[in-house]
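Here is the structure we will look at.
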Amino acid sequence: MPTVIIDGAVYEYEGQPKLLQFCLDHGVELPHFCYHPAMSIPANCRQCLVEVGTPVRDRVTGELQRDEQGEPVVRFFPKLMTGCSQDLSDGMVVRTKRTSAVVEEAQRSNLEFLLINHPLDCPICDQAGHCPLQIQAYKYGPEGSRFEFRKVHKPKRVKLGPRVVLDAERCINCTRCTRFTEEVSGSHQLTIIARGVKNYPMTPPGVTFDEPYGMNVIDLCPVGALTSADFRFQARIWEMSSTPSITTTNAKGSNCDYWVRDNLVLRITPRQNMDVNAYWLPDEDRLDYKRFNEDRPAGPQVRGVDGPTDASWEQAYARAADLLRGTDGSAVLFLGSAHATLEDNYLLGRMAEALGAAPPSYISHVEPGHGDGWLRTDDRTPNTQGCERLGLQPIDEALLRARLQAGEIQAVYVLEDDPVAAGLFTEDELKDVPVILHYYNTTNRTLAVADVALPAAMVVETVGTYVNEDGHAQRVYPAKAIRGVNRTLRMQMGSSRADQHGTPFDRWYNEAHRIDCKPSWEILPAVAARLGHAMPYKGPKQVMAEVSGTVAAFTGATYEAMGLHGVRLQDVAEPV
Ligand code: SF4
Ligand code: FES
C-alpha cells in the first residue's frame with residue numbers, strides 16, 4: 001500500500017485523497033478556510049500551506065535514489081504547496097507547522113494578510129466563539145496587528161434576501177458561499193463582485209437570494225460575514241446548548257443540532273450524516289424552531305359543563321379513562337400519528353389492542369409538489385415509514401365517514417395530530433363524540449372539541465425513534481427541559497454553561513419556558529393503567545427494545561444500534 005510521511009509519521013493511504021482531507025481524517029490539524037469536502041477546490045485562502053517533498057527516482061531505471069544512510073533522497077518543492085489541492089503520492093514527505101518554521105511563518109503571515117482589512121471587533125461580532133477565522137488567528141496568527149492605516153470599508157448589514165444578511169467587511173473571499181449556489185444548490189444566486197481588496201459576494205442585478213437552501217451559506221462562511229436574518233445577535237454561542245437530533249418538517253429526517261437557551265429553541269443547524277442529508281439543511285427545517293416555543297399549552301384541560309377547564313394530570317388521566325371505560329372498545333377510533341415517535345405509536349397500538357379496538361390508523365399529510373428530490377419531500381411528516389412498518393394504515397376517509405354516520409364511532413383518541421385541521425372531521429361532527437387529544441400547540445383546531453386535552457412533548461422534548469422515507473431509523477434526544485424534568489439529571493440532554501452553572505434565580509432564567517407537557521410514552525401507560533391494563537415500560541428505550549425484538553421490520557433497531565446516525569431497516573413489515 002502506498003505511504004505518505006507527515007511530520008515524520010508514516011501513514012498508509014488508498015485511492016487518491018487530497019492531502020488536507022487526509023490530514024483531517026487522520027487527526028493532523030491543518031488550518032484552512034476555503035476548502036469544503038463537498039465542493040471544488042479553488043485554493044484561494046492560502047491558509048493550508050505546507051512543505052511537500054517527493055522521493056527522487058532514477059530517470060532511467062525508475063529506482064528510488066538513496067543517500068549514504070540508505071534513506072530515500074527527498075526533493076522538496078521550491079515553494080510551499082496548498083494542502084487542499086495536493087494529491088498524495090507514494091513516498092511523499094509533508095512538513096506542517098509542527099516540523100517546519102517556514103510553514104509556521106507562512107501561516108502566520110497569511111493570517112496577518114487576511115486580517116489587514118478584516119474588522120478586529122470580535123467582541124461585537126455575531127460569529128465570535130464559533131468563528132474559524134477567530135480560532136485560527138489565536139492558534140496560528142500573529143499576536144497583534146501592525147496595520148496602522150484606514151481599513152477598506154465595504155457594505156454592512158446588506159439583506160441579500162429574506163433570510164441571509166451580509167457584512168462585506170468581514171468577508172475573506174473564500175468563495176464557499178458562491179460555490180455553494182453554483183455547485184451544490186445550483187441556484188447561481190451569488191457571485192463575487194468588484195476587484196482586489198474591494199470584492200465581496202453579491203446577488204446579480206435584480207436577483208434576490210431566496211433559494212430554499214440559501215441558509216447553508218451561513219454555516220459555510222468561515223467568518224461572520226453571512227448571518228441569519230432571524231438569529232443574528234439573539235444569543236452568544238456559549239450561552240446555548242446543542243443537542244443532536246433530526247428535523248421533522250418532512251420525511252427526510254435530516255440530521256441537525258437544536259440550539260437551546262433557557263429552554264427556548266433559538267436555531268437549528270445541520271449535522272453531518274452522509275447517509276441522509278450530508279452537510280445540508282433546507283431553510284424550512286431551520287426556520288421550524290418557532291413552533292417549539294410559541295403557542296404552547298399551559299397544562300392539561302378537561303371539558304366540563306362550562307367548557308374546558310384547567311386540570312391536574314391526575315384529573316386528566318382519570319377523565320380520559322372514564323370516557324374510554326364508558327365506550328365499547330370496538331367503537332373507539334384510535335388515530336396514530338406520523339408526527340409522533342415510533343414508540344408512542346406502538347404504545348397506542350398496545351392500548352387499542354387491550355381495549356379490543358381496531359389497530360390505529362394515521363392521517364397522511366402529503367403535499368404534492370412540495371418535494372424537490374433532495375431534502376424536501378411531499379410528505380410533511382417525519383414518521384410515515386415508521387407508522388407503516390408498525391402496521392398502521394393511512395385512514396380511509398370514506399369508511400370513516402360511513403362509520404361516523406352509522407354511529408359506530410363513539411369516542412376518538414388522537415395521538416399528536418389535528419384531524420379537524422386535516423379535514424378528517426368537522427367540529428360539528430365531533431361535538432357529541434368524546435375526544436381525547438394529545439397535542440403540541442394551542443393552534444391545534446381539534447382542541448375546540450377535545451374533552452380531554454393532554455399537552456404532548458414535541459420532538460425537542462422527548463426520546464424516541466423516527467423512520468425516514470428511505471427506511472433509515474433514527475432516534476431523537478431531548479434538547480430542552482419540560483416541567484418535572486431536571487436538565488442535569490437527564491444525562492443525554494445538552495447543557496450550556498448557563499445550564500451548568502446558573503440557578504433558577506438568575507435573571508436569564510424563565511420558568512415559563514418549561515412547558516407543562518409530557519411525552520406520550522408517559523401519558524399512554526398512565527391512562528391504560530387506570531383502565532386496568534398495565535404497560536410497565538421504564539421508558540422509550542425499553543419500548544424500542546420490545547419493538548425491535550417482536551416486529552420483524554425493526555429487527556436490530558435498538559437505541560445502541562441507532563446511535564447518533566441511525567440504522568437502515570430491512571424492507572419487511574409486520575402488523576402491530
Ligand atoms: S461571505 Fe463568507 S463564505 Fe462568502 S466568500 Fe466571504 S468569507 Fe467566504
Ligand atoms: S484551504 Fe487550501 S487554500 Fe484555502
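Every chain in the C-alpha cells has a letter given in the order shown (A, B, ...), and although residue numbers restart at 1 in each chain, ligands are simply numbered from 1 in the order shown.
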Legend entry - Near-ligand residues for ligand 1, threshold 10 Å, only C-alpha atoms and all ligand atoms, as a PyMOL selection string: chain A and resi 33-34+45+133+165-180+190-192+199-202+216-227
Would you write out those residues with N, CA, C and O atoms, as a compact mmCIF listing (two decimals), in the first residue's frame?
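Generated file (selection.txt):
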# COMPACT_ATOMS: atom_id res chain seq x y z
N PHE A 33 -9.58 27.59 5.27
CA PHE A 33 -10.84 28.34 5.20
C PHE A 33 -11.66 27.99 3.97
O PHE A 33 -12.84 27.74 4.05
N CYS A 34 -11.06 27.99 2.79
CA CYS A 34 -11.86 27.87 1.57
C CYS A 34 -12.23 26.44 1.23
O CYS A 34 -13.20 26.19 0.53
N CYS A 45 -7.59 30.69 -0.25
CA CYS A 45 -7.34 31.37 1.03
C CYS A 45 -5.88 31.27 1.42
O CYS A 45 -5.39 32.08 2.19
N LEU A 133 -12.06 31.87 11.62
CA LEU A 133 -11.00 32.89 11.49
C LEU A 133 -10.49 33.30 12.88
O LEU A 133 -9.29 33.42 13.10
N VAL A 165 -28.09 37.86 5.84
CA VAL A 165 -27.56 39.23 5.89
C VAL A 165 -26.05 39.18 5.68
O VAL A 165 -25.36 38.33 6.26
N LEU A 166 -25.52 40.11 4.88
CA LEU A 166 -24.09 40.16 4.58
C LEU A 166 -23.43 41.35 5.26
O LEU A 166 -23.94 42.47 5.21
N ASP A 167 -22.28 41.09 5.89
CA ASP A 167 -21.38 42.16 6.32
C ASP A 167 -20.13 41.99 5.47
O ASP A 167 -19.27 41.16 5.76
N ALA A 168 -20.04 42.77 4.37
CA ALA A 168 -18.98 42.54 3.38
C ALA A 168 -17.59 42.79 3.95
O ALA A 168 -16.60 42.22 3.47
N GLU A 169 -17.47 43.64 4.96
CA GLU A 169 -16.14 43.92 5.52
C GLU A 169 -15.52 42.68 6.17
O GLU A 169 -14.31 42.57 6.27
N ARG A 170 -16.37 41.78 6.65
CA ARG A 170 -15.84 40.60 7.32
C ARG A 170 -15.44 39.50 6.33
O ARG A 170 -14.80 38.52 6.71
N CYS A 171 -15.88 39.62 5.08
CA CYS A 171 -15.64 38.55 4.10
C CYS A 171 -14.15 38.40 3.78
O CYS A 171 -13.44 39.39 3.62
N ILE A 172 -13.67 37.15 3.72
CA ILE A 172 -12.28 36.92 3.32
C ILE A 172 -12.21 36.33 1.91
O ILE A 172 -11.20 35.77 1.51
N ASN A 173 -13.31 36.40 1.20
CA ASN A 173 -13.36 35.95 -0.19
C ASN A 173 -12.93 34.51 -0.40
O ASN A 173 -12.20 34.19 -1.35
N CYS A 174 -13.41 33.65 0.46
CA CYS A 174 -13.07 32.23 0.31
C CYS A 174 -13.90 31.59 -0.81
O CYS A 174 -13.58 30.51 -1.27
N THR A 175 -15.00 32.23 -1.19
CA THR A 175 -15.94 31.78 -2.24
C THR A 175 -16.72 30.52 -1.88
O THR A 175 -17.32 29.89 -2.75
N ARG A 176 -16.74 30.14 -0.62
CA ARG A 176 -17.56 28.98 -0.26
C ARG A 176 -19.04 29.25 -0.57
O ARG A 176 -19.75 28.38 -1.05
N CYS A 177 -19.51 30.47 -0.28
CA CYS A 177 -20.93 30.77 -0.48
C CYS A 177 -21.29 30.75 -1.96
O CYS A 177 -22.32 30.19 -2.36
N THR A 178 -20.46 31.35 -2.78
CA THR A 178 -20.79 31.39 -4.21
C THR A 178 -20.68 29.99 -4.82
O THR A 178 -21.49 29.60 -5.65
N ARG A 179 -19.68 29.24 -4.38
CA ARG A 179 -19.55 27.87 -4.90
C ARG A 179 -20.75 27.02 -4.49
O ARG A 179 -21.19 26.15 -5.22
N PHE A 180 -21.29 27.27 -3.29
CA PHE A 180 -22.47 26.50 -2.87
C PHE A 180 -23.62 26.72 -3.85
O PHE A 180 -24.27 25.77 -4.30
N LEU A 190 -25.54 33.79 -6.10
CA LEU A 190 -24.46 34.61 -5.54
C LEU A 190 -23.25 34.59 -6.46
O LEU A 190 -22.96 33.57 -7.09
N THR A 191 -22.56 35.71 -6.50
CA THR A 191 -21.32 35.79 -7.27
C THR A 191 -20.41 36.81 -6.58
O THR A 191 -20.87 37.58 -5.74
N ILE A 192 -19.13 36.79 -6.90
CA ILE A 192 -18.22 37.78 -6.31
C ILE A 192 -18.19 39.01 -7.22
O ILE A 192 -18.02 38.87 -8.44
N ASN A 199 -13.49 43.39 -3.21
CA ASN A 199 -14.51 42.44 -3.67
C ASN A 199 -15.25 41.76 -2.52
O ASN A 199 -14.77 41.66 -1.41
N TYR A 200 -16.44 41.30 -2.85
CA TYR A 200 -17.30 40.62 -1.86
C TYR A 200 -18.44 39.92 -2.62
O TYR A 200 -18.71 40.25 -3.78
N PRO A 201 -19.13 38.98 -1.98
CA PRO A 201 -20.21 38.28 -2.67
C PRO A 201 -21.48 39.13 -2.75
O PRO A 201 -21.76 39.91 -1.84
N MET A 202 -22.21 38.95 -3.82
CA MET A 202 -23.44 39.73 -4.01
C MET A 202 -24.33 38.96 -4.99
O MET A 202 -23.87 38.07 -5.69
N ASN A 216 -27.69 27.63 4.09
CA ASN A 216 -26.48 26.81 4.27
C ASN A 216 -25.22 27.65 4.16
O ASN A 216 -24.18 27.30 4.73
N VAL A 217 -25.29 28.77 3.44
CA VAL A 217 -24.08 29.59 3.31
C VAL A 217 -23.67 30.21 4.64
O VAL A 217 -22.51 30.58 4.84
N ILE A 218 -24.63 30.31 5.57
CA ILE A 218 -24.31 30.87 6.89
C ILE A 218 -23.34 29.94 7.62
O ILE A 218 -22.38 30.38 8.23
N ASP A 219 -23.60 28.63 7.55
CA ASP A 219 -22.68 27.68 8.20
C ASP A 219 -21.38 27.58 7.43
O ASP A 219 -20.32 27.35 8.01
N LEU A 220 -21.46 27.71 6.10
CA LEU A 220 -20.25 27.57 5.29
C LEU A 220 -19.28 28.72 5.51
O LEU A 220 -18.07 28.55 5.45
N CYS A 221 -19.82 29.90 5.74
CA CYS A 221 -18.96 31.10 5.85
C CYS A 221 -18.03 30.95 7.05
O CYS A 221 -18.47 30.79 8.18
N PRO A 222 -16.72 31.01 6.82
CA PRO A 222 -15.78 30.79 7.93
C PRO A 222 -15.53 32.03 8.77
O PRO A 222 -14.64 32.02 9.62
N VAL A 223 -16.28 33.09 8.51
CA VAL A 223 -16.16 34.32 9.29
C VAL A 223 -17.59 34.80 9.59
O VAL A 223 -18.55 34.10 9.30
N GLY A 224 -17.72 35.99 10.13
CA GLY A 224 -19.07 36.47 10.47
C GLY A 224 -19.69 37.30 9.37
O GLY A 224 -20.51 38.17 9.63
N ALA A 225 -19.35 37.02 8.11
CA ALA A 225 -19.85 37.85 7.01
C ALA A 225 -21.30 37.53 6.66
O ALA A 225 -22.06 38.41 6.27
N LEU A 226 -21.69 36.27 6.78
CA LEU A 226 -23.06 35.88 6.43
C LEU A 226 -23.76 35.40 7.70
O LEU A 226 -23.31 34.45 8.35
N THR A 227 -24.84 36.08 8.05
CA THR A 227 -25.56 35.70 9.27
C THR A 227 -27.04 35.52 8.95
O THR A 227 -27.54 35.99 7.93
Inset, instruction - For A:Leu531, work out the shell of residues within 10 Å, counting only C-alpha atoms and skipping chain neighbours fewer than 6 positions away, then give it as a count of residues only. - result: 11
Inset, instruction - Give me the residues within 9 Å of A:Asp7 as a list in words, counting only C-alpha atoms and dropping any in the same chain fewer than 4 places off. - result: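 Using only C-alpha atoms, the neighbours found are Val93, Val94, Arg95, Thr96, Lys97, Arg98, Thr99 and Ser100 of chain A.
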Export of the given selection (C-alpha atoms) as a JSON list (two decimals), in the first residue's frame:
[["chain", "number", "residue", "atom", "x", "y", "z"],
["A", 93, "VAL", "CA", 7.02, 13.79, 2.67],
["A", 94, "VAL", "CA", 4.98, 16.59, 4.25],
["A", 95, "ARG", "CA", 6.02, 19.14, 6.85],
["A", 96, "THR", "CA", 3.32, 21.10, 8.66],
["A", 97, "LYS", "CA", 3.76, 23.88, 11.19],
["A", 98, "ARG", "CA", 4.79, 21.29, 13.75],
["A", 99, "THR", "CA", 8.03, 20.48, 11.95],
["A", 100, "SER", "CA", 8.65, 23.47, 9.70]]
Inset, instruction - Considering only C-alpha atoms, return as a ChimeraX atom specification whatever protein or nucleic-acid residues lie within 10 Å of A:Phe77, sequence-local ones (same chain, fewer than 3 positions apart) excluded. - result: /A:51-54,74,80-81
Output the selection as an mmCIF file, in the first residue's frame - all heavy atoms for each residue.
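Contents of the output file again13.cif:
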data_model
loop_
_atom_site.group_PDB
_atom_site.id
_atom_site.type_symbol
_atom_site.label_atom_id
_atom_site.label_comp_id
_atom_site.auth_asym_id
_atom_site.auth_seq_id
_atom_site.Cartn_x
_atom_site.Cartn_y
_atom_site.Cartn_z
ATOM 1 N N GLU A 51 4.997 22.294 3.508
ATOM 2 C CA GLU A 51 6.149 21.913 2.687
ATOM 3 C C GLU A 51 5.909 20.505 2.173
ATOM 4 O O GLU A 51 5.521 19.616 2.945
ATOM 5 C CB GLU A 51 7.426 21.911 3.530
ATOM 6 C CG GLU A 51 8.063 23.277 3.690
ATOM 7 C CD GLU A 51 9.468 23.150 4.253
ATOM 8 O OE1 GLU A 51 9.588 23.077 5.475
ATOM 9 O OE2 GLU A 51 10.425 23.096 3.452
ATOM 10 N N VAL A 52 6.141 20.302 0.881
ATOM 11 C CA VAL A 52 5.906 18.985 0.290
ATOM 12 C C VAL A 52 7.146 18.542 -0.480
ATOM 13 O O VAL A 52 7.720 19.319 -1.255
ATOM 14 C CB VAL A 52 4.694 19.016 -0.678
ATOM 15 C CG1 VAL A 52 4.536 17.688 -1.395
ATOM 16 C CG2 VAL A 52 3.412 19.350 0.071
ATOM 17 N N GLY A 53 7.559 17.313 -0.229
ATOM 18 C CA GLY A 53 8.680 16.762 -0.981
ATOM 19 C C GLY A 53 8.327 15.395 -1.529
ATOM 20 O O GLY A 53 7.451 14.702 -0.986
ATOM 21 N N THR A 54 8.983 15.024 -2.623
ATOM 22 C CA THR A 54 8.741 13.688 -3.180
ATOM 23 C C THR A 54 10.078 12.967 -3.342
ATOM 24 O O THR A 54 11.119 13.599 -3.567
ATOM 25 C CB THR A 54 8.055 13.772 -4.571
ATOM 26 O OG1 THR A 54 8.769 14.707 -5.363
ATOM 27 C CG2 THR A 54 6.617 14.206 -4.451
ATOM 28 N N VAL A 74 14.883 12.917 -0.789
ATOM 29 C CA VAL A 74 13.611 13.632 -0.989
ATOM 30 C C VAL A 74 13.916 15.028 -1.508
ATOM 31 O O VAL A 74 14.761 15.735 -0.963
ATOM 32 C CB VAL A 74 12.812 13.723 0.331
ATOM 33 C CG1 VAL A 74 11.548 14.571 0.135
ATOM 34 C CG2 VAL A 74 12.450 12.325 0.819
ATOM 35 N N LEU A 80 5.994 26.670 -1.034
ATOM 36 C CA LEU A 80 5.020 25.950 -0.217
ATOM 37 C C LEU A 80 3.816 25.578 -1.079
ATOM 38 O O LEU A 80 3.473 26.281 -2.021
ATOM 39 C CB LEU A 80 4.579 26.821 0.964
ATOM 40 C CG LEU A 80 5.696 27.220 1.939
ATOM 41 C CD1 LEU A 80 5.137 28.092 3.059
ATOM 42 C CD2 LEU A 80 6.373 25.983 2.511
ATOM 43 N N MET A 81 3.179 24.457 -0.729
ATOM 44 C CA MET A 81 2.047 23.971 -1.508
ATOM 45 C C MET A 81 0.765 24.064 -0.664
ATOM 46 O O MET A 81 0.814 23.954 0.562
ATOM 47 C CB MET A 81 2.254 22.503 -1.906
ATOM 48 C CG MET A 81 3.591 22.231 -2.553
ATOM 49 S SD MET A 81 3.785 23.095 -4.115
ATOM 50 C CE MET A 81 2.841 22.042 -5.193
#
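All residues of protein, DNA or RNA that reach within 10 Å of stretch 393-405 of chain A, judged by only C-alpha atoms and not counting those fewer than 4 positions away in the chain, are A:Ala331, A:Leu333, A:Leu335, A:Gly336, A:Ser337, A:Ala338, A:Pro359, A:Pro360, A:Ser361, A:Tyr362, A:Ile363, A:Ser364, A:His365, A:Thr384, A:Cys387, A:Glu388, A:Arg389, A:Ile409, A:Gln410, A:Gly423, A:Leu424, A:Phe425, A:Glu429, A:Leu430, A:Val433, A:Pro575.
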Limited to N, CA and C atoms, could you put the picked residues into a file as a CSV table (one decimal), in the first residue's frame?
chain,number,residue,atom,x,y,z
A,331,ALA,N,-65.8,0.6,19.4
A,331,ALA,CA,-66.4,1.9,18.9
A,331,ALA,C,-65.4,3.0,19.1
A,333,LEU,N,-62.2,5.1,18.0
A,333,LEU,CA,-61.3,5.3,16.9
A,333,LEU,C,-59.9,5.7,17.4
A,335,LEU,N,-56.4,7.2,16.6
A,335,LEU,CA,-55.7,7.8,15.5
A,335,LEU,C,-54.2,7.9,15.9
A,336,GLY,N,-53.3,7.1,15.2
A,336,GLY,CA,-51.9,7.3,15.5
A,336,GLY,C,-51.4,8.5,14.7
A,337,SER,N,-50.1,8.7,14.7
A,337,SER,CA,-49.6,9.9,14.0
A,337,SER,C,-48.2,9.8,13.4
A,338,ALA,N,-48.1,10.2,12.2
A,338,ALA,CA,-46.8,10.2,11.6
A,338,ALA,C,-45.9,11.4,12.1
A,359,PRO,N,-56.7,-1.7,15.1
A,359,PRO,CA,-55.4,-1.1,15.2
A,359,PRO,C,-55.5,0.4,14.8
A,360,PRO,N,-54.7,1.3,15.3
A,360,PRO,CA,-54.7,2.7,15.0
A,360,PRO,C,-54.4,2.9,13.5
A,361,SER,N,-55.0,3.9,12.9
A,361,SER,CA,-54.6,4.3,11.6
A,361,SER,C,-54.0,5.7,11.7
A,362,TYR,N,-53.5,6.3,10.7
A,362,TYR,CA,-52.9,7.6,10.8
A,362,TYR,C,-53.3,8.5,9.6
A,363,ILE,N,-53.2,9.8,9.8
A,363,ILE,CA,-53.6,10.8,8.8
A,363,ILE,C,-52.4,11.1,7.9
A,364,SER,N,-52.5,10.9,6.6
A,364,SER,CA,-51.4,11.2,5.7
A,364,SER,C,-51.4,12.7,5.5
A,365,HIS,N,-50.2,13.3,5.5
A,365,HIS,CA,-50.1,14.8,5.3
A,365,HIS,C,-49.2,15.0,4.1
A,384,THR,N,-43.9,8.6,8.6
A,384,THR,CA,-44.9,7.8,7.8
A,384,THR,C,-44.3,6.4,7.7
A,387,CYS,N,-44.8,4.5,10.9
A,387,CYS,CA,-46.1,4.0,11.1
A,387,CYS,C,-46.4,2.8,10.3
A,388,GLU,N,-46.1,2.9,9.0
A,388,GLU,CA,-46.4,1.8,8.1
A,388,GLU,C,-45.7,0.5,8.4
A,389,ARG,N,-44.4,0.7,8.8
A,389,ARG,CA,-43.7,-0.5,9.2
A,389,ARG,C,-44.2,-1.1,10.5
A,409,ILE,N,-68.7,5.1,15.6
A,409,ILE,CA,-67.6,5.7,16.3
A,409,ILE,C,-68.2,6.5,17.5
A,410,GLN,N,-67.8,6.0,18.7
A,410,GLN,CA,-68.4,6.7,19.9
A,410,GLN,C,-67.3,7.4,20.8
A,423,GLY,N,-59.1,18.1,7.9
A,423,GLY,CA,-60.3,17.9,7.2
A,423,GLY,C,-60.9,16.6,7.3
A,424,LEU,N,-60.4,15.8,8.4
A,424,LEU,CA,-61.0,14.5,8.6
A,424,LEU,C,-62.4,14.6,9.2
A,425,PHE,N,-62.5,15.5,10.1
A,425,PHE,CA,-63.9,15.7,10.7
A,425,PHE,C,-64.1,17.2,10.7
A,429,GLU,N,-69.2,17.6,13.6
A,429,GLU,CA,-69.3,16.1,13.6
A,429,GLU,C,-68.8,15.5,14.9
A,430,LEU,N,-67.8,16.2,15.6
A,430,LEU,CA,-67.2,15.7,16.8
A,430,LEU,C,-67.9,16.2,18.0
A,433,VAL,N,-69.1,13.5,20.2
A,433,VAL,CA,-68.3,12.4,20.4
A,433,VAL,C,-67.1,12.7,21.4
A,575,PRO,N,-47.6,-6.4,10.8
A,575,PRO,CA,-48.6,-5.6,11.5
A,575,PRO,C,-48.4,-5.6,13.0
Legend entry - Near-ligand residues for ligand 2, threshold 10 Å, only C-alpha atoms and all ligand atoms, as a PyMOL selection string: chain A and resi 19-21+30-36+41-50+81-86+174-176
